[in-house]
Each structure stands twice: as C-alpha cells, then as structure tokens.
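J.: First the structure, which I've put down as structure tokens, then a few questions once you've had a look.
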Protein chains: 2
Amino acid sequence: MAVYTDVAAEDLAEFLKGYDIGELLSYKGIAEGVENSNFSMHTSKGSYILTLYEKRVAEDDLPYFLSLMAHLAERGVNCPQPAKDRSGAVYSTLAGRPAAIINFLEGMWPRRPNAVHCAGVGEALAKMHLAGRDFPLFRANPLSVSGWRPLFDRAADRADSVQMGLRDFIARELEYLEARWPNDLPVGVIHADLFPDNVFFLGDKLSGLIDFPFACNDILAYDVAICLNAWCFEPDHSFNVTKARALLNAYGRTRALSEAEQKALPLLARGAALRFLLTRLVDFLNVPPGALVKPKDPLEYVRKLRFQQGVASLNDYGVTPAGWAA
Amino acid sequence: MAVYTDVAAEDLAEFLKGYDIGELLSYKGIAEGVENSNFSMHTSKGSYILTLYEKRVAEDDLPYFLSLMAHLAERGVNCPQPAKDRSGAVYSTLAGRPAAIINFLEGMWPRRPNAVHCAGVGEALAKMHLAGRDFPLFRANPLSVSGWRPLFDRAADRADSVQMGLRDFIARELEYLEARWPNDLPVGVIHADLFPDNVFFLGDKLSGLIDFPFACNDILAYDVAICLNAWCFEPDHSFNVTKARALLNAYGRTRALSEAEQKALPLLARGAALRFLLTRLVDFLNVPPGALVKPKDPLEYVRKLRFQQGVASLNDYGVTPAGWAA
C-alpha cells in the first residue's frame with residue numbers, strides 16, 4: 001500500500017496549469033507502489049497517473065527513468081509516457097516533493113500468470129532491451145552483485161532467526177557468485193523489477209510495462225533471469241517449464257541470447273534469486289511494529305535459489321535454443 | 001487509508017459479466033474510506049467505483065444505503081448510482097465480501113472550503129432531505145443520542161489522559177443533552193457524515209455527495225448541525241459566520257427550517273459535536289500501536305462543542321432567517 005501524501009485539489013488544479021493536459025476533473029490516491037504516492041487522475045483530456053516521489057527515491061535518479069520511459073514509448077514499447085510541462089520538463093515540484101505525470105495505461109496485472117502471459121512478457125522485455133540500445137543516460141545498478149554484501153551485512157546477525165542455517169546458506173552463495181559473476185556479457189538498459197504486478201494485460205495481450213524506478217544499466221540477460229524467477233514458479237514453489245519455455249522462446253525470437261548468455265543464465269538466475277532474497281530479508285527484519293504492509297516472504301526466494309542452484313543448462317528450463325541461438 | 005483487499009483481475013472480469021457495464025479495462029485500489037476496500041475501475045462503458053464491504057459494515061445495512069443512493073440519484077440528487085446486476089440486485093459477492101459498483105463521479109473535495117462551497121453543501125443537503133421524503137426503508141441512527149452513553153462508557157476511564165477534565169466535561173454535556181434532546185422535530189433520511197471529503201466540486205459547482213454508510217433516519221436539522229460543525233470552523237478553530245450564513249441560507253431557501261427547528265439548532269449542534277467527539281475519542285484511545293492511520297483529533301470537537309455551548313440563537317450563526325422561516 002502506498003505511502004500517501006495528500007494534495008489539495010486547489011493546489012493540483014494550479015499545478016496542472018503548467019501542463020497542456022486539460023482541466024482537472026478528479027483524482028484519487030491509489031494503493032499501488034510502496035515507495036511513492038500515486039494518484040489516478042481524470043482531466044478533460046484523458047486519464048493520467050500523478051506520482052509524488054517520497055524520500056526513498058533519489059531525485060537524482062528521476063531524469064534517468066522518466067527520460068527512459070519517454071525514450072521507450074517513442075520507440076513503440078508499451079510503457080507510460082511522462083507528460084512534459086510547458087517548459088519541457090518531465091518532473092516538477094508539488095506538495096514539496098518531486099512530482100511527475102504519466103499517461104494512464106489500461107490493463108490489469110495477472111494474479112495468476114499463464115504461459116501466454118509469460119510469452120508476452122518475454123517478448124516485451126526483449127523489445128525493451130532493443131529499444132534501450134540508444135538510450136544515452138547511464139545508471140549503475142545499486143542492487144547488482146556489488147550491492148549484495150552490504151545487504152547481507154545488515155541481515156546476517158539475525159538471518160538464522162528467520163530460518164536456521166540461512167546465514168551460512170547466503171554466505172556461501174554470495175562467495176560463489178562474487179567469484180564467478182560475469183563481466184563480459186551484453187549490457188544495456190534493464191527494467192530490473194519486471195514482476196507480474198508491473199505488467200498489464202488486456203485479456204492475453206500485453207498492454208503495458210510499468211514502474212521503472214529500479215531501471216538501470218546492467219547485464220541484459222540478468223533481466224531475463226529476474227523474470228524467470230518472478231514468472232515461472234507456481235504458488236506451490238514448483239518450477240513450470242512450460243512457462244519458462246514460453247518466456248525464453250518469446251524473448252529469444254525477438255532478441256537472440258548469445259551462447260555466452262545462454263550458458264550464464266542459470267548463474268544469473270541464482271544471482272537474481274539472491275538479490276530478492278536479500279532485499280526481502282532486510283525488509284522482513286526491519287518491519288516497523290504494527291505496520292499495515294505485510295513484508296514479502298524472503299523464504300520464497302530461498303526456495304527459488306535452491307532450484308536455480310540445481311540448474312545445469314537451459315535444458316532444465318525446458319528450452320532447446322537451437323532456433324534462436326546467435 | 002483504505003483497508004485493502006486485493007481482487008484478481010480474472011475474478012473481477014468474471015464478476016463484471018453479471019453486469020451490463022462493459023468490459024474491464026483497468027482497476028486500481030484507491031486510498032479512500034477507512035471502512036471498506038474501494039477500487040477505481042475503467043470499463044469499455046465508463047468509470048466506476050467498486051466497493052468491497054469489510055466486516056465493520058453490517059451486510060444488513062447495505063440494501064438501505066445502496067437503495068437510498070439509487071432513490072436520490074433518480075430524483076436528481078448528485079450522488080453515485082449503484083449499478084444493478086443482471087438479476088436487478090444492487091450488490092453481490094466478490095472475494096468473499098459484499099460488493100457493489102457505483103458510477104464514478106468527477107469532482108474533488110475541497111481541502112479549503114470557502115463560503116461558496118458552504119452554500120453548495122447547504123443547498124444539496126436540503127435537496128437530499130426533500131428527495132428522501134418518500135424513501136420507503138428505515139434505519140435508526142445508531143449514533144444518535146441513545147448511542148452516545150455506550151460510547152462514553154468505553155472512553156470514560158481514560159478520557160482524562162487525553163485532556164484533564166474531559167471526562168467530567170463530557171459527562172455533564174451528555175446529561176444535559178439526554179434531558180433535552182428533542183423528539184418532535186421533522187425527521188427523514190439524513191446523510192449523517194457530510195464532511196468536506198464527502199462532497200465533490202468542479203470549480204465552485206457541487207458535483208456530488210458521496211459515502212452514505214452512515215445514512216439513516218433521524219432529525220433533519222441534526223444533519224444541518226453536523227454540517228455547521230464540519231464546514232464552518234477555520235483551521236484556527238474560530239467559527240466563520242460568513243460560511244455558516246451561506247450554508248444555512250442556501251439550505252433554508254430550498255427547505256425552510258421551521259421555527260422549532262431553528263430554535264433547536266444550537267442544541268442539535270452541541271449534540272453533533274458531542275457525537276463526533278465521542279467516536280473520535282474512542283478511536284483515539286484504541287489505535288493499534290504502529291498503525292499508519294493517524295486518528296482524528298478528538299479535541300477539535302471539544303473546541304467546537306464549547307463554541308456551540310455558547311450559542312443562544314441563529315443570530316450567533318450570523319443568520320436572520322426572516323426570508324425562509326416556515
């Protein structure tokens with residue numbers, strides 16, 4: 001549930017005078033995102049989302065991901081397009097916070113993703129990677145391999161209170177990955193958080209990718225690995241090869257994974273699992289008492305990591321990449 | 001901030017097949033209301049609000065206030081109209097909860113109400129009272145005079161922890177009002193919670209009255225008294241006679257207050273102040289530790305009550321009701 005900064009109607013109507021998006025008709029705080037305050041807004045010209053960036057989002061990063069959305073949308077990626085104010089800026093200040101307006105995308109995120117959804121996300125991710133090739137800004141990934149040990153340091157002392165042996169399990173995995181993390185794979189703009197709740201569909205058709213605050217420059221195939229973990233496990237924690245095949249084949253048809261990328265994918269998927277395990281663990285250990293927001297279960301990602309540790313090659317994902325190998 | 005029950009897109013799309021309001025295009029949980037889960041929803045036919053009633057709303061009361069909205073909307077009151085499903089029902093079940101769909105009203109509630117807003121709400125309240133005259137259902141007001149002592153009993157022991165002397169202050173007021181509460185004034189359907197956040201405006205024009213879960217049958221002028229307290233005090237707690245005059249004159253021009261109602265209004269306003277003082281006090285004393293929802297300040301209503309205790313007649317509200325006395 002979103003942090004919720006109220007904005008006075010009078011102030012918002014005034015703010016909108018700086019844009020060419022019509023007269024304010026209504027706005028409501030929406031319960032989406034946990035980092036920012038978001039409002040669904042109707043104007044005489046259409047529907048929009050207004051976001052007030054709370055302190056956890058560094059204002060320095062706003063130009064990166066707002067420009068990225070504009071860049072991708074211009075290249076046909078289904079993602080929100082930031083509205084520019086009359087001075088051409090993609091964000092401004094409202095209620096004392098950085099504020100941006102994006103167009104409203106119709107669509108719903110799938111609570112029970114099926115293989116068709118997985119194919120849709122694979123294709124869209126590849127298109128996004130291609131469309132991002134000429135994006136001129138750079139943002140390092142603070143949650144790539146070098147960011148994991150500091151997270152572990154914050155959680156190590158209490159990790160075993162969540163599950164006995166978890167501290168050692170993570171320590172070993174971290175050493176393993178730090179020693180082997182690749183530095184020669186194709187890099188580019190990645191979404192880095194393409195979970196089902198960030199992908200909209202109308203029926204089976206993908207209508208939009210949203211929520212870019214984790215977007216950054218990193219290994220492209222690492223983004224694929226994040227999606228494998230986020231989309232291809234069942235609620236009972238089993239890995240669904242039909243979904244993985246749909247996702248990887250759809251990705252590969254649009255942007256072929258090189259042999260090096262294919263070979264690295266299981267390792268990248270271990271890293272992706274460790275990254276979400278660590279952030280969830282830190283969040284879990286630092287929930288304020290009585291908070292309404294239930295932390296996500298870190299152990300879900302322990303199970304995913306164990307699965308990925310056992311993967312030898314793409315065959316274990318149900319894929320024979322003959323058709324799209326580069 | 002609303003309690004938030006998630007609904008799967010797949011389940012909602014299926015649910016909407018029971019209605020004739022088009023295909024689901026999007027829906028988002030909105031941060032409005034504290035009793036229920038609310039979603040702003042776009043379909044191929046328009047915009048709607050979906051409400052899932054959480055346990056604090058007795059399902060027995062749903063027919064009353066959903067039918068009331070339909071009744072009022074049919075008579076030209078600007079309020080949401082419940083959508084009927086294909087069987088004609090105004091509510092059904094979704095995600096294990098009673099669920100209703102109403103049409104979306106454009107407009108914003110005024111964070112800084114002015115006298116024009118107050119006139120708008122006065123006129124709309126009177127129209128609502130007139131339109132409700134032939135509403136056939138009945139619901140007693142659980143928060144009228146007979147409901148106050150049970151609330152006081154829940155708060156009395158700890159009232160002085162909020163403000164020294166508060167317990168005696170309330171006890172004396174309660175005795176005073178119980179002894180004098182009128183039983184011969186015109187009654188009918190009242191909104192009973194017409195605070196600024198329940199009234200939408202587009203510019204200066206009132207576009208809608210929303211949120212009817214407190215609606216009931218009670219003294220009509222008591223509804224006016226609730227509005228006087230809710231709309232006519234400034235943030236510094238001073239009473240604004242210009243606003244009161246605007247509200248009362250606009251009400252009186254549409255539905256004239258009888259002499260008995262005029263005479264009773266200051267007493268009713270004391271009662272209205274005590275009612276919100278008591279519910280806020282109970283809420284304030286029972287906030288779960290760490291809750292994100294900040295309780296409303298009960299002392300605001302102590303100040304309003306003290307003001308109303310000093311009111312002798314409508315003249316103290318800035319009104320000379322010669323023009324509209326019945």
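Identifiers in the structure tokens: chain A, B, ... in order shown; residue index from 1 per chain; ligand index from 1 in order shown.
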I need the chain A residues near chain B as an MDAnalysis selection string; criterion: at most 10 Å, counting only C-alpha atoms.

T.: chainID A and resid 1:4 6:11 13 23:32 38:43 104:112 200:203 288:293

J.: With a distance cut-off of 12 Å and only C-alpha atoms, select the neighbouring residues of Asp160 in chain A, excluding the residue or stretch itself and same-chain residues fewer than 3 positions from it, and output the selection as a VMD selection string.

T.: chain A and resid 155 to 157 163 to 171 281 285 299

J.: Identify, on the basis of only C-alpha atoms, every residue whose closest approach to Ser313 in chain B does not exceed 10 Å; exclude the query and any residue fewer than 6 positions from it along the same chain; express the result as a ChimeraX atom specification.

T.: /B:262-267,319-320

J.: Could you give me, as a PyMOL selection string, each residue of range 14-261 of chain A that DSSP assigns to strand (DSSP E) when run on this structure's backbone?

T.: chain A and resi 24-30+36-43+46-53+92-94+97-103+187-190+199-202+205-209+216-219

J.: Based on the backbone DSSP call, show me all residues of range 51-132 of chain B assigned helix (DSSP H, G or I), as a ChimeraX atom specification.

T.: /B:59-74,115-131

J.: Taking N, CA and C atoms for each residue, export the selection above as a short mmCIF file (atom, residue, chain, number, x, y, z; two decimals), in the first residue's frame.

T.:
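Result written to part_6.cif:
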data_model
loop_
_atom_site.label_atom_id
_atom_site.label_comp_id
_atom_site.auth_asym_id
_atom_site.auth_seq_id
_atom_site.Cartn_x
_atom_site.Cartn_y
_atom_site.Cartn_z
N GLU B 59 -23.79 -6.23 6.74
CA GLU B 59 -24.40 -6.51 5.44
C GLU B 59 -25.89 -6.15 5.44
N ASP B 60 -26.52 -6.24 6.63
CA ASP B 60 -27.94 -5.90 6.73
C ASP B 60 -28.23 -4.47 6.32
N ASP B 61 -27.23 -3.60 6.47
CA ASP B 61 -27.46 -2.18 6.18
C ASP B 61 -27.25 -1.84 4.70
N LEU B 62 -26.64 -2.75 3.95
CA LEU B 62 -26.34 -2.44 2.55
C LEU B 62 -27.57 -2.08 1.72
N PRO B 63 -28.65 -2.87 1.83
CA PRO B 63 -29.82 -2.51 1.00
C PRO B 63 -30.29 -1.09 1.29
N TYR B 64 -30.19 -0.68 2.56
CA TYR B 64 -30.65 0.67 2.91
C TYR B 64 -29.87 1.71 2.14
N PHE B 65 -28.56 1.71 2.27
CA PHE B 65 -27.88 2.86 1.68
C PHE B 65 -27.61 2.73 0.19
N LEU B 66 -27.58 1.51 -0.33
CA LEU B 66 -27.49 1.38 -1.79
C LEU B 66 -28.83 1.78 -2.45
N SER B 67 -29.94 1.33 -1.85
CA SER B 67 -31.25 1.74 -2.39
C SER B 67 -31.43 3.24 -2.25
N LEU B 68 -30.93 3.79 -1.15
CA LEU B 68 -31.06 5.23 -0.94
C LEU B 68 -30.34 6.01 -2.04
N MET B 69 -29.11 5.59 -2.37
CA MET B 69 -28.39 6.29 -3.44
C MET B 69 -29.17 6.21 -4.75
N ALA B 70 -29.70 5.02 -5.04
CA ALA B 70 -30.49 4.89 -6.27
C ALA B 70 -31.70 5.82 -6.23
N HIS B 71 -32.38 5.84 -5.09
CA HIS B 71 -33.57 6.68 -4.91
C HIS B 71 -33.23 8.16 -5.10
N LEU B 72 -32.15 8.59 -4.46
CA LEU B 72 -31.77 10.01 -4.53
C LEU B 72 -31.31 10.38 -5.94
N ALA B 73 -30.50 9.51 -6.55
CA ALA B 73 -29.99 9.81 -7.90
C ALA B 73 -31.16 9.93 -8.89
N GLU B 74 -32.15 9.04 -8.73
CA GLU B 74 -33.32 9.11 -9.62
C GLU B 74 -34.08 10.43 -9.46
N ALA B 115 -16.98 30.01 1.33
CA ALA B 115 -18.41 30.23 1.55
C ALA B 115 -19.24 29.72 0.38
N VAL B 116 -18.68 29.76 -0.82
CA VAL B 116 -19.43 29.24 -1.98
C VAL B 116 -19.63 27.73 -1.84
N HIS B 117 -18.57 27.03 -1.40
CA HIS B 117 -18.71 25.60 -1.15
C HIS B 117 -19.78 25.35 -0.07
N CYS B 118 -19.78 26.19 0.97
CA CYS B 118 -20.73 26.01 2.07
C CYS B 118 -22.16 26.21 1.58
N ALA B 119 -22.35 27.18 0.70
CA ALA B 119 -23.68 27.37 0.13
C ALA B 119 -24.06 26.15 -0.70
N GLY B 120 -23.11 25.62 -1.44
CA GLY B 120 -23.39 24.44 -2.26
C GLY B 120 -23.81 23.26 -1.42
N VAL B 121 -23.12 23.06 -0.31
CA VAL B 121 -23.46 21.90 0.51
C VAL B 121 -24.79 22.12 1.23
N GLY B 122 -25.09 23.36 1.60
CA GLY B 122 -26.38 23.65 2.23
C GLY B 122 -27.53 23.34 1.28
N GLU B 123 -27.41 23.80 0.06
CA GLU B 123 -28.47 23.55 -0.92
C GLU B 123 -28.61 22.05 -1.22
N ALA B 124 -27.46 21.38 -1.40
CA ALA B 124 -27.50 19.95 -1.74
C ALA B 124 -28.10 19.13 -0.60
N LEU B 125 -27.78 19.52 0.63
CA LEU B 125 -28.31 18.80 1.79
C LEU B 125 -29.84 18.94 1.84
N ALA B 126 -30.31 20.15 1.61
CA ALA B 126 -31.77 20.38 1.63
C ALA B 126 -32.45 19.57 0.52
N LYS B 127 -31.84 19.58 -0.67
CA LYS B 127 -32.41 18.79 -1.78
C LYS B 127 -32.44 17.31 -1.43
N MET B 128 -31.37 16.86 -0.79
CA MET B 128 -31.33 15.46 -0.38
C MET B 128 -32.45 15.16 0.61
N HIS B 129 -32.65 16.06 1.57
CA HIS B 129 -33.71 15.83 2.56
C HIS B 129 -35.09 15.78 1.90
N LEU B 130 -35.30 16.66 0.92
CA LEU B 130 -36.58 16.65 0.21
C LEU B 130 -36.73 15.38 -0.63
N ALA B 131 -35.66 15.01 -1.32
CA ALA B 131 -35.73 13.83 -2.20
C ALA B 131 -35.90 12.55 -1.39
#

J.: Can you measure CA of Val224 in chain A to CA of Leu151 in chain A for me? One decimal in Å is fine.

T.: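 Interatomic distance, CA of Val224 in chain A to CA of Leu151 in chain A: 22.5 Å.
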
J.: I'd like the neighbourhood of Pro186 in chain B as a ChimeraX atom specification, where a residue qualifies if any of its atoms comes within 9 Å (using only C-alpha atoms), though same-chain residues fewer than 5 positions away should be ignored.

T.: /B:218-221,258,261

J.: With distances taken over only C-alpha atoms, which of A:Ser47, A:Thr279, A:Asn217, A:Asn229 is nearest to Pro136 in chain A?

T.: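 Distance minimum relative to Pro136 in chain A lands on A:Asn217.
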
J.: Using only C-alpha atoms, pick whichever of A:Ala140, A:Val287, A:Leu274, A:Ala250 has the shortest atom-to-atom distance to Glu173 in chain A.

T.: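 Of A:Ala140, A:Val287, A:Leu274, A:Ala250, the one nearest Glu173 in chain A, counting only C-alpha atoms, is A:Leu274.
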